[in-house]
$ cat coords-v3.txt   # compact mmCIF, C-alpha atoms
# COMPACT_ATOMS: atom_id res chain seq x y z
CA MET A 15 0.00 0.00 0.00
CA GLU A 16 2.98 2.24 0.75
CA LYS A 17 3.71 2.70 -2.96
CA TYR A 18 0.16 3.92 -3.61
CA LEU A 19 0.26 6.32 -0.66
CA ILE A 20 3.02 8.21 -2.44
CA ALA A 21 1.52 7.90 -5.92
CA PRO A 22 -0.31 10.72 -7.75
CA ILE A 23 -4.06 10.31 -7.34
CA LYS A 24 -4.80 10.41 -11.05
CA GLU A 25 -2.63 7.34 -11.67
CA ILE A 26 -4.45 5.49 -8.90
CA ILE A 27 -7.94 6.45 -10.10
CA THR A 28 -7.07 5.50 -13.68
CA LYS A 29 -5.92 2.10 -12.53
CA PHE A 30 -8.65 1.64 -9.90
CA PRO A 31 -11.74 3.76 -10.81
CA GLU A 32 -13.49 2.55 -7.64
CA VAL A 33 -10.96 4.58 -5.61
CA GLY A 34 -12.36 7.80 -7.11
CA ARG A 35 -15.89 6.78 -6.21
CA ILE A 36 -14.90 5.99 -2.62
CA LEU A 37 -13.11 9.34 -2.28
CA GLU A 38 -16.27 11.12 -3.48
CA GLU A 39 -18.20 9.48 -0.66
CA TYR A 40 -15.87 11.29 1.75
CA ASN A 41 -16.28 14.60 -0.11
CA ILE A 42 -12.80 14.32 -1.54
CA GLY A 43 -13.33 15.58 -5.05
CA CYS A 44 -10.33 14.33 -6.99
CA VAL A 45 -12.18 12.65 -9.87
CA PRO A 46 -12.92 15.82 -11.88
CA CYS A 47 -9.43 17.22 -11.33
CA THR A 48 -7.63 17.32 -14.68
CA LEU A 49 -4.16 17.25 -13.14
CA GLY A 50 -4.46 14.75 -10.31
CA SER A 51 -0.86 15.25 -9.22
CA CYS A 52 -1.59 15.20 -5.46
CA LEU A 53 -0.27 12.19 -3.58
CA LEU A 54 -2.84 9.92 -1.95
CA LYS A 55 -1.32 10.31 1.54
CA ASP A 56 -1.40 14.13 1.25
CA ILE A 57 -5.00 14.06 0.07
CA VAL A 58 -6.09 11.97 3.04
CA ALA A 59 -4.10 14.02 5.54
CA ILE A 60 -5.13 17.43 4.24
CA HIS A 61 -8.85 16.71 4.30
CA ASN A 62 -8.57 16.15 8.02
CA ILE A 63 -11.55 13.87 8.25
CA PRO A 64 -12.32 12.31 11.67
CA LEU A 65 -9.93 9.50 12.55
CA GLU A 66 -12.57 6.79 12.51
CA GLN A 67 -13.69 7.80 9.04
CA GLU A 68 -10.10 8.10 7.90
CA LEU A 69 -9.33 4.57 9.08
CA ASN A 70 -12.42 3.29 7.34
CA LEU A 71 -11.52 5.14 4.16
CA MET A 72 -7.97 3.75 4.15
CA TYR A 73 -9.30 0.28 4.82
CA ARG A 74 -11.68 0.50 1.86
CA LEU A 75 -8.99 1.91 -0.43
CA GLU A 76 -6.59 -0.86 0.39
CA LYS A 77 -9.28 -3.52 -0.06
CA THR A 78 -10.08 -2.00 -3.46
CA ILE A 79 -6.47 -1.97 -4.56
CA TYR A 80 -5.66 -5.37 -3.06
CA PRO A 81 -8.97 -7.32 -3.06
CA ASP A 82 -7.29 -10.58 -2.08
CA ARG A 83 -5.36 -9.16 0.85
CA VAL A 84 -6.44 -9.61 4.48
CA VAL A 85 -6.52 -6.02 5.73
CA LYS A 86 -6.78 -4.95 9.36
CA LYS A 87 -8.08 -1.43 9.97
CA SER A 88 -5.75 -0.84 12.92
CA VAL A 89 -2.73 -1.16 10.65
CA PHE A 90 -3.47 2.32 9.38
CA LYS A 91 -3.54 4.04 12.76
CA LYS A 92 0.05 5.14 12.55
CA ALA A 93 -0.02 6.11 8.91
CA ALA A 94 -3.30 7.96 9.26
CA LYS A 95 -2.01 10.38 11.89
CA LYS A 96 1.54 11.06 10.91
CA THR A 97 2.46 13.52 13.61
CA ASN A 98 2.12 12.89 17.29
CA ALA A 99 1.34 16.12 19.12
CA LYS A 100 3.73 15.19 21.93
CA GLU A 101 6.58 14.37 19.59
CA ILE A 102 9.34 16.97 19.60
CA ASN A 103 10.38 18.18 16.18
CA TYR A 104 14.14 18.54 16.62
CA SER A 105 16.22 20.31 14.00
CA PRO A 106 18.36 17.83 12.00
CA PRO A 107 21.67 18.40 13.85
CA ILE A 108 19.95 18.14 17.24
CA LYS A 109 18.05 15.07 16.04
CA ARG A 110 21.40 13.46 15.34
CA LEU A 111 22.39 13.89 18.98
CA VAL A 112 19.04 12.48 20.12
CA ASP A 113 19.60 9.45 17.87
CA GLU A 114 23.06 8.90 19.33
CA HIS A 115 21.43 8.69 22.75
CA ILE A 116 19.54 5.59 21.58
CA LEU A 117 22.77 3.55 21.44
CA ILE A 118 23.99 4.93 24.77
CA LYS A 119 20.63 4.09 26.37
CA LYS A 120 20.93 0.49 25.18
CA TRP A 121 24.24 0.25 27.03
CA ILE A 122 23.02 1.79 30.28
CA GLU A 123 19.86 -0.36 30.29
CA LEU A 124 22.09 -3.43 30.44
CA ILE A 125 24.39 -2.18 33.19
CA PRO A 126 22.34 -3.79 36.06
CA VAL A 127 22.57 -7.24 34.49
CA ILE A 128 26.29 -6.71 33.82
CA ILE A 129 26.77 -5.82 37.48
CA GLU A 130 24.89 -8.97 38.53
CA ASN A 131 27.29 -11.05 36.49
CA ILE A 132 30.62 -9.46 37.44
CA ASN A 133 33.07 -12.21 38.17
CA ASN A 134 36.61 -11.25 39.18
CA GLU A 135 37.88 -14.66 38.18
CA SER A 136 36.46 -14.50 34.68
CA GLY A 137 38.47 -12.95 31.87
CA ASP A 138 35.28 -12.61 29.79
CA SER A 139 33.57 -10.60 32.53
CA ARG A 140 36.57 -8.29 32.86
CA GLN A 141 36.80 -7.87 29.07
CA LEU A 142 33.12 -7.02 28.83
CA ILE A 143 33.54 -4.19 31.32
CA LEU A 144 36.72 -2.98 29.62
CA ASP A 145 34.87 -2.90 26.27
CA GLY A 146 31.98 -1.07 27.95
CA LEU A 147 34.37 1.56 29.26
CA ASP A 148 35.90 1.90 25.79
CA PHE A 149 32.39 2.36 24.39
CA ILE A 150 31.74 5.17 26.88
CA ARG A 151 35.10 6.82 26.29
CA PHE A 152 34.81 6.76 22.54
CA TYR A 153 31.14 6.83 21.59
CA ALA A 154 29.49 8.61 24.51
CA ASP A 155 32.36 10.95 25.25
CA LYS A 156 34.64 11.55 22.25
CA PHE A 157 31.97 11.16 19.58
CA HIS A 158 28.84 12.48 21.31
CA HIS A 159 29.79 14.75 24.23
CA ALA A 160 32.58 16.36 22.22
CA LYS A 161 30.08 17.49 19.58
CA GLU A 162 28.06 19.08 22.34
CA GLU A 163 30.94 20.70 24.17
CA ASP A 164 33.07 21.81 21.21
CA ILE A 165 30.33 22.78 18.78
CA LEU A 166 26.75 22.93 20.07
CA PHE A 167 27.37 24.79 23.31
CA GLU A 168 29.15 27.55 21.37
CA TYR A 169 25.64 28.55 20.28
CA THR A 170 24.44 28.92 23.86
CA ASP A 171 25.11 31.05 26.91
CA LYS A 172 27.72 28.93 28.64
CA ASN A 173 27.02 30.72 31.90
CA SER A 174 23.43 29.55 31.97
CA ASP A 175 22.55 27.09 34.71
CA ILE A 176 21.42 24.39 32.36
CA ILE A 177 24.73 24.35 30.45
CA LYS A 178 26.70 24.36 33.69
CA THR A 179 24.64 21.40 34.92
CA ILE A 180 25.15 19.47 31.71
CA LEU A 181 28.91 20.10 31.73
CA GLN A 182 29.04 19.00 35.35
CA ASP A 183 27.20 15.79 34.40
CA HIS A 184 29.81 15.12 31.71
CA GLU A 185 32.61 15.57 34.25
CA SER A 186 30.88 13.31 36.77
CA ALA A 187 30.40 10.65 34.10
CA ARG A 188 34.11 10.82 33.21
CA SER A 189 35.03 10.51 36.85
CA HIS A 190 32.86 7.37 37.25
CA VAL A 191 34.55 5.87 34.20
CA ARG A 192 38.00 6.55 35.69
CA ALA A 193 36.91 5.10 39.04
CA THR A 194 35.45 1.98 37.40
CA SER A 195 38.67 1.49 35.50
CA GLU A 196 40.72 1.80 38.71
CA ALA A 197 38.41 -0.59 40.56
CA LEU A 198 38.74 -3.07 37.70
CA LYS A 199 42.54 -2.94 37.95
CA ARG A 200 42.30 -3.71 41.66
CA GLY A 201 39.65 -6.37 41.12
CA ASN A 202 37.31 -4.63 43.56
CA ARG A 203 33.90 -5.98 42.62
CA ASN A 204 31.92 -3.70 44.93
CA LEU A 205 33.59 -0.55 43.69
CA ILE A 206 33.10 -1.57 40.06
CA ALA A 207 29.40 -2.12 40.75
CA GLU A 208 29.10 1.12 42.70
CA HIS A 209 30.60 3.31 39.97
CA LEU A 210 28.90 1.55 37.07
CA ASN A 211 25.61 1.93 38.85
CA ALA A 212 26.22 5.59 39.61
CA TYR A 213 27.15 6.11 35.96
CA LYS A 214 23.92 4.45 34.87
CA GLU A 215 21.76 6.59 37.16
CA LEU A 216 23.55 9.76 36.11
CA LEU A 217 23.32 9.09 32.38
CA LYS A 218 19.69 8.02 32.53
CA GLU A 219 18.69 11.36 34.01
CA HIS A 220 21.21 13.25 31.88
CA ILE A 221 19.82 11.92 28.60
CA LYS A 222 16.26 12.67 29.68
CA LYS A 223 17.31 16.20 30.61
CA GLU A 224 18.98 16.73 27.26
CA ASP A 225 16.24 15.21 25.11
CA GLU A 226 13.34 16.89 26.85
CA ILE A 227 14.75 20.18 28.10
CA LEU A 228 18.19 21.16 26.82
CA TYR A 229 17.82 20.33 23.15
CA PRO A 230 14.34 21.85 22.67
CA TRP A 231 15.60 24.95 24.52
CA ILE A 232 18.62 25.28 22.23
CA ASP A 233 16.52 24.52 19.15
CA ARG A 234 14.07 27.31 19.97
CA ASP A 235 16.85 29.88 19.82
CA LEU A 236 18.67 28.60 16.75
CA SER A 237 18.06 30.51 13.53
CA THR A 238 17.67 28.59 10.29
CA THR A 239 21.17 29.71 9.28
CA GLN A 240 22.61 28.41 12.56
CA VAL A 241 20.87 25.05 12.09
CA GLY A 242 22.61 24.72 8.71
CA GLU A 243 25.99 25.74 10.19
CA LEU A 244 25.63 23.29 13.04
CA PHE A 245 24.72 20.48 10.65
CA ALA A 246 27.82 21.22 8.54
CA LYS A 247 30.08 21.45 11.61
CA PHE A 248 28.82 18.10 12.91
CA ASN A 249 29.58 16.60 9.49
CA GLU A 250 33.12 18.03 9.56
CA ALA A 251 33.67 16.71 13.08
CA GLU A 252 32.43 13.24 12.15
CA VAL A 253 34.71 13.05 9.11
CA LYS A 254 37.68 13.39 11.47
CA ILE A 255 36.43 10.56 13.70
CA ASP A 256 37.68 7.03 13.05
CA LYS A 257 34.78 5.27 11.32
CA GLU A 258 36.08 1.84 12.18
CA THR A 259 35.87 2.61 15.90
CA ILE A 260 32.30 3.90 15.48
CA GLU A 261 31.37 0.62 13.81
CA LYS A 262 33.11 -1.25 16.63
CA CYS A 263 30.96 0.65 19.15
CA LYS A 264 27.79 -0.24 17.24
CA SER A 265 28.82 -3.90 17.09
CA PHE A 266 29.59 -3.86 20.81
CA ILE A 267 26.00 -2.82 21.57
CA LYS A 268 24.59 -5.27 19.05
CA GLU A 269 26.47 -8.17 20.61
CA LEU A 270 26.13 -7.06 24.23
CA LYS A 271 23.05 -9.10 25.15
CA GLN A 272 24.60 -12.27 23.79
CA ARG A 273 27.87 -11.66 25.62
CA ILE A 274 25.95 -11.18 28.88
CA GLU A 275 24.04 -14.43 28.23
CA ASN A 276 27.36 -16.20 27.72
CA LEU A 277 28.60 -14.82 31.06
CA LYS A 278 25.46 -16.11 32.78
CA ILE A 279 25.90 -19.57 31.30
CA LYS A 280 29.55 -19.71 32.41
CA LYS A 281 28.59 -18.53 35.89
CA GLU A 282 26.02 -21.34 36.15
CA GLU A 283 28.57 -23.88 34.95
CA VAL A 284 31.02 -22.82 37.66
CA LYS A 285 28.31 -23.29 40.31
CA MET B 30 -22.45 17.38 -1.16
CA MET B 31 -19.32 17.49 -3.30
CA ASP B 32 -16.83 20.19 -2.41
CA GLY B 33 -14.37 19.47 -5.21
CA CYS B 34 -10.62 19.82 -5.10
CA PRO B 35 -9.52 22.18 -2.31
CA GLY B 36 -6.74 23.45 -4.56
CA SER B 37 -9.18 25.12 -6.93
CA ARG B 38 -12.40 25.41 -4.92
CA MET B 39 -13.80 28.97 -4.89
CA GLN B 40 -13.64 30.68 -1.50
CA ASP B 41 -14.38 34.29 -0.55
CA PHE B 42 -12.37 35.91 2.24
CA ARG B 43 -13.74 39.45 1.87
CA LYS B 44 -15.35 39.38 5.30
CA LYS B 45 -11.90 39.63 6.82
CA ASP B 46 -11.81 43.41 7.25
CA THR B 47 -8.32 44.80 6.92
CA GLU B 48 -8.96 48.46 7.65
CA ALA B 49 -7.72 48.13 11.24
CA GLU B 50 -4.40 46.96 9.88
CA GLU B 51 -3.81 50.02 7.68
CA GLU B 52 -0.21 51.09 7.97
CA ASN B 53 1.55 54.13 6.60
CA VAL B 54 4.93 52.43 6.54
CA LYS B 55 6.46 51.50 3.22
CA ARG B 56 8.14 48.16 3.63
CA GLN B 57 11.38 47.45 1.83
CA SER B 58 11.57 44.51 -0.51
CA GLN B 59 13.80 41.72 0.79
CA LEU B 60 14.28 40.22 -2.66
CA ARG B 61 17.99 40.09 -3.47
CA GLN B 62 18.09 38.37 -6.85
CA TRP B 63 16.46 37.91 -10.23
CA PRO B 64 15.08 35.69 -11.75
CA ILE B 65 13.11 33.75 -9.18
CA GLN B 66 11.04 31.20 -11.13
CA LEU B 67 12.61 27.76 -10.70
CA HIS B 68 12.76 27.09 -14.45
CA LEU B 69 14.59 30.37 -14.98
CA VAL B 70 17.13 30.30 -12.18
CA SER B 71 20.56 28.75 -12.39
CA PRO B 72 21.20 26.66 -9.28
CA GLU B 73 24.83 27.69 -9.44
CA ALA B 74 24.10 31.43 -9.36
CA PRO B 75 26.35 33.12 -6.77
CA TYR B 76 23.43 34.12 -4.58
CA TYR B 77 22.63 30.44 -3.96
CA ARG B 78 26.17 29.45 -2.98
CA LYS B 79 26.14 28.31 0.69
CA ALA B 80 22.90 30.28 1.14
CA ASP B 81 19.76 29.61 3.10
CA VAL B 82 17.34 28.96 0.25
CA LEU B 83 13.59 29.42 0.26
CA LEU B 84 11.62 27.32 -2.21
CA SER B 85 8.14 28.74 -2.20
CA ALA B 86 4.96 27.63 -3.90
CA ASP B 87 3.73 30.47 -6.15
CA CYS B 88 0.69 31.30 -4.02
CA VAL B 89 2.47 31.59 -0.66
CA ALA B 90 3.74 35.17 -1.03
CA PHE B 91 0.19 36.35 -1.81
CA ALA B 92 -1.29 34.64 1.23
CA ILE B 93 1.19 35.84 3.87
CA GLY B 94 1.00 39.56 4.66
CA ASP B 95 4.54 39.75 6.00
CA PHE B 96 6.19 37.33 3.61
CA HIS B 97 9.19 39.57 2.86
CA LYS B 98 9.92 40.49 6.49
CA ASP B 99 9.27 37.11 8.09
CA TYR B 100 10.32 34.57 5.47
CA LEU B 101 12.27 36.06 2.56
CA LYS B 102 14.68 38.23 4.54
CA GLY B 103 18.21 36.82 4.45
CA LYS B 104 17.31 34.06 2.01
CA SER B 105 17.73 33.33 -1.69
CA ILE B 106 14.52 32.24 -3.31
CA ALA B 107 12.94 30.23 -6.11
CA ILE B 108 9.24 29.82 -6.76
CA ALA B 109 7.31 27.01 -8.45
CA CYS B 110 3.86 25.53 -8.74
CA PRO B 111 3.81 21.75 -8.26
CA LYS B 112 0.30 21.58 -9.71
CA LEU B 113 0.59 23.58 -12.91
CA ASP B 114 4.27 23.74 -13.87
CA GLU B 115 5.62 21.38 -16.48
CA GLY B 116 9.06 19.81 -16.56
CA GLN B 117 9.17 18.97 -12.88
CA ASP B 118 12.04 16.52 -13.42
CA GLU B 119 14.17 19.57 -14.13
CA TYR B 120 13.05 21.01 -10.82
CA VAL B 121 14.32 17.94 -9.01
CA GLU B 122 17.67 18.24 -10.81
CA LYS B 123 17.96 21.90 -9.88
CA ILE B 124 17.19 21.23 -6.22
CA LYS B 125 19.81 18.47 -6.30
CA SER B 126 22.31 20.89 -7.78
CA TRP B 127 21.59 23.44 -5.03
CA ILE B 128 22.44 20.79 -2.47
CA ASP B 129 25.42 19.13 -4.16
CA ASP B 130 26.99 21.92 -6.24
CA ALA B 131 25.95 25.20 -4.66
CA GLN B 132 26.28 23.56 -1.23
CA ILE B 133 23.39 25.52 0.18
CA ASN B 134 23.23 25.80 3.96
CA THR B 135 19.53 25.03 4.43
CA LEU B 136 16.38 24.68 2.35
CA THR B 137 13.00 25.95 3.53
CA VAL B 138 9.99 24.77 1.53
CA MET B 139 6.86 26.87 1.86
CA THR B 140 3.61 25.43 0.56
CA MET B 141 -0.08 26.15 0.78
CA GLN B 142 -2.37 23.81 2.71
CA VAL B 143 -3.96 22.47 -0.48
CA PRO B 144 -2.96 18.86 -1.21
CA CYS B 145 -1.44 19.59 -4.61
CA CYS B 146 1.25 21.66 -2.88
CA GLY B 147 2.59 18.52 -1.21
CA GLY B 148 4.25 17.78 -4.55
CA LEU B 149 6.85 20.48 -3.89
CA VAL B 150 7.98 18.81 -0.67
CA ALA B 151 7.99 15.47 -2.49
CA MET B 152 10.34 16.94 -5.13
CA VAL B 153 12.73 18.11 -2.44
CA GLN B 154 12.67 14.69 -0.78
CA GLN B 155 13.37 13.04 -4.12
CA ALA B 156 16.33 15.36 -4.70
CA LEU B 157 17.66 14.68 -1.21
CA GLN B 158 17.39 10.93 -1.67
CA SER B 159 19.27 10.93 -4.94
CA GLY B 160 21.80 13.62 -4.01
CA LYS B 161 25.27 13.14 -2.55
CA LYS B 162 24.87 15.52 0.35
CA LYS B 163 22.33 15.96 3.12
CA ILE B 164 21.22 19.35 4.41
CA PRO B 165 18.56 20.51 6.88
CA VAL B 166 15.18 20.96 5.20
CA LYS B 167 12.25 22.73 6.80
CA SER B 168 8.65 22.52 5.62
CA ILE B 169 6.24 25.37 6.36
CA VAL B 170 2.58 24.95 5.47
CA VAL B 171 0.45 28.06 5.06
CA SER B 172 -3.33 28.33 5.28
CA LEU B 173 -5.36 29.98 2.53
CA GLN B 174 -5.61 33.10 4.68
CA GLY B 175 -1.92 33.28 5.51
CA ASP B 176 -1.71 31.55 8.89
CA ILE B 177 1.16 29.15 9.55
CA LEU B 178 -0.37 25.70 9.99
CA SER B 179 2.86 23.85 10.61
CA GLU B 180 6.57 24.47 10.62
CA GLU B 181 8.81 21.47 10.97
CA TRP B 182 12.17 20.02 10.01
CA ILE B 183 11.78 17.02 7.75
$ encode --input "coords-v3.txt" --output "structure tokens"
Amino acid sequence: MEKYLIAPIKEIITKFPEVGRILEEYNIGCVPCTLGSCLLKDIVAIHNIPLEQELNLMYRLEKTIYPDRVVKKSVFKKAAKKTNAKEINYSPPIKRLVDEHILIKKWIELIPVIIENINNESGDSRQLILDGLDFIRFYADKFHHAKEEDILFEYTDKNSDIIKTILQDHESARSHVRATSEALKRGNRNLIAEHLNAYKELLKEHIKKEDEILYPWIDRDLSTTQVGELFAKFNEAEVKIDKETIEKCKSFIKELKQRIENLKIKKEEVK
Amino acid sequence: MMDGCPGSRMQDFRKKDTEAEEENVKRQSQLRQWPIQLHLVSPEAPYYRKADVLLSADCVAFAIGDFHKDYLKGKSIAIACPKLDEGQDEYVEKIKSWIDDAQINTLTVMTMQVPCCGGLVAMVQQALQSGKKKIPVKSIVVSLQGDILSEEWI
């Protein structure tokens, strides 16, 4: 159906005349239009018909185009209302930072289960934490925080409380990483758990603060020209970053669950 | 009852009395180039280079009272009608050239609320998908009486 949603209405009506008749029932008068260049999805959205009717209309259109297909009306809920009122419309450079948070969140969500499975005797457990710290140092800090600190914050009042708080969070996160690394060298399980846990709590709140408060606040004050500049500066910064290491970070997150499972299995075997 | 296509349906806005808004100030034009029609412009013209570009549907400037002050100021422009203009493949190529060759900073697409205007945004998306570079693109949708219905980065 996706391909017809982005097809000009005239093409659709020519191929499926019944579609034109159905649209007329909803007071959507495309049949007499000589051009018919509007896309089906735009036509449906712009007429702003009540959701229930819209779902019914989409259901009937799809059944007309694909008579043999089993169509569920609920499938169209998302497509029918494209924009969620609560959804924040970030500018593209800011959106990039929000997207980077997704990977970092995946890591911090798994920290409790990593802590549960810390085993000083296991090389795999130690390596998993070392790789996690590398992920933080490179992806969360060098790749993500550096873009904020070296580029984005130049567009803000650095003396404002919110920027000071965010910078302080970054410093605290770095200090937890250093402390975890030290504790790992000493094989101190409790300290490793304490600092990893503190890091998790800090970052969880920090990301929420950035996504919901800081970024929309910065976005509101950015001019269109500044959005373009920021986008270009982020591109330049990313070109200088080692792509292989970025891919390594992505793979680390992708494989993390499995590595934790393997640790659990080994732990059970030792018991 | 059939209402017909909203893009060409007759509507009368004369009730909206404008006498309270009478101003004795002569506004300066913010236009900084010629030509402006998308078929006539060269995407590599110096005023597009690294510029913030406004691609506006033909009707937009007539609907918005403060178009020059609020939307054209500081931008290079091109206008087009996605419903009536022919040769729209050329439009896509020109938009692509703005992005890849002229290395424009941003692109703002202003369209009317009528469904046929969605074609202009679709052209920009097509150019972005096939181009080498990515840039920030903003879509602003204007009501028939000049109100801003939505303004979002796409």
$ interface_residues --input "coords-v3.txt" --of "chain B" --to "chain A" --cutoff "10 Å" --atoms "all atoms listed in the file" --output "PDB file with C-alpha atoms, keeping the file's coordinate frame"
ATOM      1  CA  MET B  30     -22.450  17.380  -1.160  1.00  0.00           C
ATOM      2  CA  MET B  31     -19.320  17.490  -3.300  1.00  0.00           C
ATOM      3  CA  ASP B  32     -16.830  20.190  -2.410  1.00  0.00           C
ATOM      4  CA  GLY B  33     -14.370  19.470  -5.210  1.00  0.00           C
ATOM      5  CA  CYS B  34     -10.620  19.820  -5.100  1.00  0.00           C
ATOM      6  CA  PRO B  35      -9.520  22.180  -2.310  1.00  0.00           C
ATOM      7  CA  GLY B  36      -6.740  23.450  -4.560  1.00  0.00           C
ATOM      8  CA  SER B  37      -9.180  25.120  -6.930  1.00  0.00           C
ATOM      9  CA  ARG B  38     -12.400  25.410  -4.920  1.00  0.00           C
ATOM     10  CA  LYS B  79      26.140  28.310   0.690  1.00  0.00           C
ATOM     11  CA  ALA B  80      22.900  30.280   1.140  1.00  0.00           C
ATOM     12  CA  ASP B  81      19.760  29.610   3.100  1.00  0.00           C
ATOM     13  CA  VAL B  82      17.340  28.960   0.250  1.00  0.00           C
ATOM     14  CA  GLY B 103      18.210  36.820   4.450  1.00  0.00           C
ATOM     15  CA  LYS B 104      17.310  34.060   2.010  1.00  0.00           C
ATOM     16  CA  PRO B 111       3.810  21.750  -8.260  1.00  0.00           C
ATOM     17  CA  LYS B 112       0.300  21.580  -9.710  1.00  0.00           C
ATOM     18  CA  LEU B 113       0.590  23.580 -12.910  1.00  0.00           C
ATOM     19  CA  ILE B 133      23.390  25.520   0.180  1.00  0.00           C
ATOM     20  CA  ASN B 134      23.230  25.800   3.960  1.00  0.00           C
ATOM     21  CA  THR B 135      19.530  25.030   4.430  1.00  0.00           C
ATOM     22  CA  LEU B 136      16.380  24.680   2.350  1.00  0.00           C
ATOM     23  CA  THR B 137      13.000  25.950   3.530  1.00  0.00           C
ATOM     24  CA  GLN B 142      -2.370  23.810   2.710  1.00  0.00           C
ATOM     25  CA  VAL B 143      -3.960  22.470  -0.480  1.00  0.00           C
ATOM     26  CA  PRO B 144      -2.960  18.860  -1.210  1.00  0.00           C
ATOM     27  CA  CYS B 145      -1.440  19.590  -4.610  1.00  0.00           C
ATOM     28  CA  CYS B 146       1.250  21.660  -2.880  1.00  0.00           C
ATOM     29  CA  GLY B 147       2.590  18.520  -1.210  1.00  0.00           C
ATOM     30  CA  GLY B 148       4.250  17.780  -4.550  1.00  0.00           C
ATOM     31  CA  ALA B 151       7.990  15.470  -2.490  1.00  0.00           C
ATOM     32  CA  LYS B 163      22.330  15.960   3.120  1.00  0.00           C
ATOM     33  CA  ILE B 164      21.220  19.350   4.410  1.00  0.00           C
ATOM     34  CA  PRO B 165      18.560  20.510   6.880  1.00  0.00           C
ATOM     35  CA  VAL B 166      15.180  20.960   5.200  1.00  0.00           C
ATOM     36  CA  LYS B 167      12.250  22.730   6.800  1.00  0.00           C
ATOM     37  CA  GLU B 180       6.570  24.470  10.620  1.00  0.00           C
ATOM     38  CA  GLU B 181       8.810  21.470  10.970  1.00  0.00           C
ATOM     39  CA  TRP B 182      12.170  20.020  10.010  1.00  0.00           C
ATOM     40  CA  ILE B 183      11.780  17.020   7.750  1.00  0.00           C
TER      41      ILE B 183
END
$ residues_around --input "coords-v3.txt" --residues "region 252-255 of chain A" --least-positions-apart "5" --cutoff "10 Å" --atoms "all atoms listed in the file" --output "JSON, numbers by chain"
{"A": [152, 156, 157, 158, 161, 246, 247, 260]}
$ closest_residue --input "coords-v3.txt" --among "A:His190, A:Lys278, A:Arg273, A:Lys214" --to "Ile125 (chain A)" --atoms "only C-alpha atoms"
A:Lys214
$ closest_residue --input "coords-v3.txt" --among "A:Ser195, A:Asn70, A:Asn131, A:Thr28" --to "Asn276 (chain A)" --atoms "all atoms listed in the file"
A:Asn131
$ atom_distance --input "coords-v3.txt" --atom1 "CA of Asn133 (chain A)" --atom2 "CA of Ala154 (chain A)"
25.2 Å
$ atom_distance --input "coords-v3.txt" --atom1 "CA of Val54 (chain B)" --atom2 "CA of Ile106 (chain B)"
24.4 Å
$ residues_around --input "coords-v3.txt" --residues "Lys120 (chain A)" --least-positions-apart "3" --cutoff "10 Å" --atoms "only C-alpha atoms" --output "PyMOL selection string"
chain A and resi 115-117+123-125+267-268+270-271
$ atom_distance --input "coords-v3.txt" --atom1 "CA of Ala207 (chain A)" --atom2 "CA of Ala160 (chain A)"
26.4 Å
$ residues_around --input "coords-v3.txt" --residues "Ile150 (chain A)" --least-positions-apart "3" --cutoff "10 Å" --atoms "only C-alpha atoms" --output "PyMOL selection string"
chain A and resi 118+121-122+144-147+153-158+187-188+191+263
$ build_atoms --input "coords-v3.txt" --residues "region 53-63 of chain B" --atoms "N, CA and C atoms" --output "PDB file, in the coordinates of the input"
ATOM      1  N   ASN B  53       1.006  53.122   7.497  1.00  0.00           N
ATOM      2  CA  ASN B  53       1.550  54.130   6.600  1.00  0.00           C
ATOM      3  C   ASN B  53       3.046  53.918   6.356  1.00  0.00           C
ATOM      4  N   VAL B  54       3.502  52.721   6.711  1.00  0.00           N
ATOM      5  CA  VAL B  54       4.930  52.430   6.540  1.00  0.00           C
ATOM      6  C   VAL B  54       5.147  51.725   5.212  1.00  0.00           C
ATOM      7  N   LYS B  55       6.145  52.178   4.481  1.00  0.00           N
ATOM      8  CA  LYS B  55       6.460  51.500   3.220  1.00  0.00           C
ATOM      9  C   LYS B  55       7.539  50.468   3.504  1.00  0.00           C
ATOM     10  N   ARG B  56       7.176  49.210   3.327  1.00  0.00           N
ATOM     11  CA  ARG B  56       8.140  48.160   3.630  1.00  0.00           C
ATOM     12  C   ARG B  56       9.111  47.987   2.470  1.00  0.00           C
ATOM     13  N   GLN B  57      10.356  47.675   2.848  1.00  0.00           N
ATOM     14  CA  GLN B  57      11.380  47.450   1.830  1.00  0.00           C
ATOM     15  C   GLN B  57      11.298  46.020   1.312  1.00  0.00           C
ATOM     16  N   SER B  58      11.550  45.872   0.036  1.00  0.00           N
ATOM     17  CA  SER B  58      11.570  44.510  -0.510  1.00  0.00           C
ATOM     18  C   SER B  58      12.805  43.784   0.016  1.00  0.00           C
ATOM     19  N   GLN B  59      12.654  42.510   0.325  1.00  0.00           N
ATOM     20  CA  GLN B  59      13.800  41.720   0.790  1.00  0.00           C
ATOM     21  C   GLN B  59      14.341  40.828  -0.329  1.00  0.00           C
ATOM     22  N   LEU B  60      13.814  41.036  -1.529  1.00  0.00           N
ATOM     23  CA  LEU B  60      14.280  40.220  -2.660  1.00  0.00           C
ATOM     24  C   LEU B  60      15.690  40.657  -3.052  1.00  0.00           C
ATOM     25  N   ARG B  61      16.599  39.706  -3.181  1.00  0.00           N
ATOM     26  CA  ARG B  61      17.990  40.090  -3.470  1.00  0.00           C
ATOM     27  C   ARG B  61      18.537  39.425  -4.726  1.00  0.00           C
ATOM     28  N   GLN B  62      17.644  39.054  -5.622  1.00  0.00           N
ATOM     29  CA  GLN B  62      18.090  38.370  -6.850  1.00  0.00           C
ATOM     30  C   GLN B  62      17.022  38.466  -7.940  1.00  0.00           C
ATOM     31  N   TRP B  63      17.387  38.146  -9.125  1.00  0.00           N
ATOM     32  CA  TRP B  63      16.460  37.910 -10.230  1.00  0.00           C
ATOM     33  C   TRP B  63      17.158  37.012 -11.220  1.00  0.00           C
TER      34      TRP B  63
END
